[in-house]
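S.K.: Quick one: the structure is below, questions incoming.
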Amino acid sequence: MDKETLLKKHWGFTTFKPLQKDIITSTMAGYDTVGLLPTGGGKSLCYQLPSLLKEGFVLVVSPLIALMEDQVQDLLKRDIKAMYFESHKKSISLTQQLDNCTFGDYKVVYVSPEKLTNTLFLQQIVHAPISLIAIDEAHCISEWGHDFRPAYRKINLLLELLPEIPILALTASATTKVVRDIQTQLMLKSPKLFQLSFERPNLSYNIWKTDDKLNAVIQILTHHKGSSIIYCNTRKQSEQLAYKMIRHGLAADFFHGGLLLKDKKAKLSEWQKGTLLYMTATSAFGMGIDKSNVRTVIHMNLPESMEHYYQETGRAGRDGDVAHTFLLFSGSDSEETKHHLLSQLPSTKDLKEIYKDLCNFLQIAYGEGEGILYELNFESFCCHYNRNFRKTLYCLKQFDKEGIISLNASNEKYIDIKTKCSAHQATEFIKSQNTPAKVLEYLMRKNPYFFKEKTQISPQKIIVALHLSFDQFTEALKRLEQNGILDFTEQRAYFYYTPKTPREDGYTLQTIIKNNTTLHQQKKLKIDAMIAFVEDETNCKRNKILTYFGTSSEGVCHQCSSRSCSDLYITENDFEKKLILLLKDHPQSIQDLNEKLYFEPAALKEVTERLLKTQKIYINHLQQYHWINE
């Protein structure tokens, strides 16, 4: 079959997106190729479709297990045989996975860069029928990239063993410097470069300065209808914002990495179908998700880099229709963001101490541990050594990125149970035979020391055994606690922790300590660039983005919030006239006006200051604007 026939058969499209066909043609001709396609530009198709035209399979190096899982499931639905290499405790052995990959007639096979440090993997994979090596998120290989992942440098171990296999490097956002570094690091031979413009003419970039971000979100989403993503810095912030939006009558929910897999799938399905319009989420949300009709993207906080900002705003308007992006910030955000992001980065002392503590906690002797899978109770570890959760997790992820360890989060959550009643009282409670009673009976039956010591349980097992929903199970525990039967505490997720090298405290950390210094420097430069972008109220935002990525455009966009593109603040039609009519009717607080009118916060300040100065209004004791009768 030809390219167009396969495109129609497996993806249902009759035409390619810009540059897709050119990239596919280049890889089919055996050239090393670099493709820069914006978010939503269809990067994955550039290696998935060639896999159907070539003998053997395409080996895809990808940084996220969750993204691999989603893409494998999507390919299987399209009747394309695909797999990824797993490192989960319950996975089949690496040898079996390699045999499946080699002899299983797969067309697309995904692997993490960390897997390329495994000697057994490299020894066996070179005998597999690989037709193309695709490097997804290729900017991760560059220390100048926004998500430098040192393990990507290990790709060369594979490339040196397979020098005749063509390479396809793909990314959505990379500066000119990063593109050159990608080509150098991957040792590409006379590569063909295909790059779409970073310009997104259907997007408006709006920076709103406000201390009342919640009401700004309500205003924006009330005025701009349609599917939306609201990015938050933390899981807690995403949950709190979703609950507040729901109270304002908006069909909202939250999404973050702390959710159970089934809850993630349910929420994502509702949002993709349009039943749920507004999703508050942490930054990873949207990666690999193909939803073309997102109309609005809002940032509650400053993104950590221009690359992140470009990628996340790029999830709006993929269908080509007009879409709007908003970044909300207050006067203190710049310094707070810089401190927040830089304080997360561990010092050399942190790295050394946490690595040593981990080895001691898991009882890994000096010179041992390589290849052994350990189950790490993350919360217990942090409490035992009085470690900060966020910084410790960051260190673990850095160890994983550097290839020192393999780190995989368990999908299971655990709950600690401690009884507060006697066996007799519990037996009496069970007689009611309601849902809490059934949960209590199950706990007593499965745990012989239930009344003597703290018990750790897996919610999933109980939910399946008693045919309950997660909400029913949680409510049952709350009822048992309210009735004085037990106390319960939800534990943070466990990790499966596998050292990739024997424990050698000083030697093992040499490379990561060196890279950590570079990371600090790069992180600071990128945060400074983001802050400069936000605080510049004069120059066109589109042009600032294009300049950052090494390109340019004629004129200005005439649709962003900079003064170069509009002398007026963003408001609904006849804003000032409607504002005055409301004030003449009765006094209004800022919150009252937020709920009734659509306006950029600075627009209200401009009008009210003028009305105060001309003594048309005053502020009463309830902090309301009060019209002075003429």
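Chains: A, B, ... in order of the structure tokens. Residues: from 1 per chain. Ligands: from 1, in order shown.
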Would you kindly return, as a PyMOL selection string, each protein, DNA or RNA residue with an atom no farther than 6 Å from any atom of Thr280 (chain A), considering only C-alpha atoms and excluding same-chain residues fewer than 3 positions away?

M.R.: chain A and resi 229-231+238+254

S.K.: Please extract the residues of region 244-281 of chain A with a backbone DSSP assignment of alpha helix (DSSP H) and present them as a list in words.

M.R.: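 DSSP-assigned alpha helix (DSSP H) residues in region 244-281 of chain A: Lys244, Met245, Ile246, Arg247, Leu261, Lys262, Asp263, Lys264, Lys265, Ala266, Lys267, Leu268, Ser269, Glu270, Trp271, Gln272 and Lys273 of chain A.
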
S.K.: Find the nearest atom pair between each residue of region 241-262 of chain A and region 467-488 of chain A for residues within 12 Å, count only C-alpha atoms, give distances in Å to one decimal, sort rows by chain and ascending number, and present the table as a tab-separated table.

M.R.:
residue	atom	partner	partner_atom	distance
A:Leu259	CA	A:Phe470	CA	11.5
A:Leu260	CA	A:Phe470	CA	9.7
A:Leu261	CA	A:Phe470	CA	12.0
A:Lys262	CA	A:Phe470	CA	10.0

S.K.: With only C-alpha atoms as the atoms that count, which of A:Val297, A:Ala216, A:Met187, A:Ile415 lies nearest to Glu600 (chain A)?

M.R.: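 Nearest to Glu600 (chain A): A:Ala216.
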
S.K.: Please return as a list of chain:residue names: the residues of region 33-186 of chain A that backbone DSSP assigns to strand (DSSP E or B).

M.R.: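 Result set for region 33-186 of chain A (strand (DSSP E or B)): A:Thr33, A:Val34, A:Gly35, A:Leu36, A:Phe57, A:Val58, A:Leu59, A:Val60, A:Val61, A:Ala82, A:Met83, A:Tyr84, A:Val108, A:Val109, A:Tyr110, A:Val111, A:Ile130, A:Ser131, A:Leu132, A:Ile133, A:Ala134, A:Ile135, A:Ile167, A:Leu168, A:Ala169, A:Leu170, A:Thr171.
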
S.K.: Go ahead and save the picked residues with C-alpha atoms, as a JSON list (two decimals), in the first residue's frame.

M.R.:
[["chain", "number", "residue", "atom", "x", "y", "z"],
["A", 33, "THR", "CA", 15.91, 13.27, 9.70],
["A", 34, "VAL", "CA", 14.98, 15.96, 12.23],
["A", 35, "GLY", "CA", 11.35, 17.06, 12.47],
["A", 36, "LEU", "CA", 10.17, 20.11, 14.42],
["A", 57, "PHE", "CA", 9.69, -2.58, 13.40],
["A", 58, "VAL", "CA", 10.41, 1.02, 14.37],
["A", 59, "LEU", "CA", 12.16, 1.36, 17.75],
["A", 60, "VAL", "CA", 10.92, 4.51, 19.49],
["A", 61, "VAL", "CA", 12.85, 6.07, 22.37],
["A", 82, "ALA", "CA", 2.79, -2.42, 19.16],
["A", 83, "MET", "CA", 4.48, -2.97, 22.54],
["A", 84, "TYR", "CA", 6.70, -1.21, 25.06],
["A", 108, "VAL", "CA", 6.20, -0.20, 16.66],
["A", 109, "VAL", "CA", 8.21, -0.86, 19.84],
["A", 110, "TYR", "CA", 8.71, 1.75, 22.56],
["A", 111, "VAL", "CA", 11.61, 1.91, 25.01],
["A", 130, "ILE", "CA", 14.81, -2.70, 13.51],
["A", 131, "SER", "CA", 14.00, -0.61, 10.43],
["A", 132, "LEU", "CA", 14.12, 2.89, 11.95],
["A", 133, "ILE", "CA", 15.14, 4.45, 15.28],
["A", 134, "ALA", "CA", 12.81, 7.30, 16.28],
["A", 135, "ILE", "CA", 13.79, 9.68, 19.11],
["A", 167, "ILE", "CA", 17.39, 7.99, 12.73],
["A", 168, "LEU", "CA", 14.36, 10.22, 13.08],
["A", 169, "ALA", "CA", 14.55, 12.91, 15.80],
["A", 170, "LEU", "CA", 11.27, 14.63, 16.70],
["A", 171, "THR", "CA", 10.37, 17.50, 19.01]]

S.K.: From the options A:Leu466, A:Ala151, A:Leu376, A:Cys383, which residue's atoms come nearest to Phe399 (chain A), counting only C-alpha atoms?

M.R.: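 That would be A:Ala151, the residue with the smallest distance to Phe399 (chain A).
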
S.K.: Quote the spacing between CA of Tyr278 (chain A) and CA of Ser228 (chain A) in Å to one decimal place.

M.R.: 4.9 Å

S.K.: Region 118-174 of chain A near region 501-512 of chain A within 12 Å: what's each residue's closest atom pair and its distance in Å to one decimal, counting only C-alpha atoms, ordered by chain then ascending residue number, as a Markdown table?

M.R.:
| residue | atom | partner | partner_atom | distance |
| --- | --- | --- | --- | --- |
| A:Asn118 | CA | A:Thr501 | CA | 9.9 |
| A:Thr119 | CA | A:Thr501 | CA | 11.3 |
| A:Arg149 | CA | A:Ile512 | CA | 10.8 |
| A:Pro150 | CA | A:Ile512 | CA | 8.5 |
| A:Ala151 | CA | A:Ile512 | CA | 10.5 |

S.K.: For those residues, write N, CA and C atoms to a file as a PDB file, in the first residue's frame.

M.R.:
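Wrote it out as selection00.pdb, contents follow:
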ATOM      1  N   ASN A 118      21.113  -0.849  29.922  1.00  0.00           N
ATOM      2  CA  ASN A 118      21.099  -2.262  30.314  1.00  0.00           C
ATOM      3  C   ASN A 118      21.896  -3.096  29.296  1.00  0.00           C
ATOM      4  N   THR A 119      22.936  -3.734  29.771  1.00  0.00           N
ATOM      5  CA  THR A 119      23.819  -4.496  28.871  1.00  0.00           C
ATOM      6  C   THR A 119      23.071  -5.608  28.154  1.00  0.00           C
ATOM      7  N   ARG A 149      17.530  15.512  29.811  1.00  0.00           N
ATOM      8  CA  ARG A 149      17.445  14.187  30.434  1.00  0.00           C
ATOM      9  C   ARG A 149      18.730  13.443  30.104  1.00  0.00           C
ATOM     10  N   PRO A 150      19.684  13.440  31.032  1.00  0.00           N
ATOM     11  CA  PRO A 150      20.999  12.869  30.724  1.00  0.00           C
ATOM     12  C   PRO A 150      20.963  11.452  30.168  1.00  0.00           C
ATOM     13  N   ALA A 151      19.961  10.668  30.560  1.00  0.00           N
ATOM     14  CA  ALA A 151      19.882   9.293  30.042  1.00  0.00           C
ATOM     15  C   ALA A 151      19.737   9.264  28.525  1.00  0.00           C
TER      16      ALA A 151
END

S.K.: Record the distance separating CA of Ile125 (chain A) and CA of Tyr152 (chain A), expressed in Å with one decimal.

M.R.: 17.2 Å
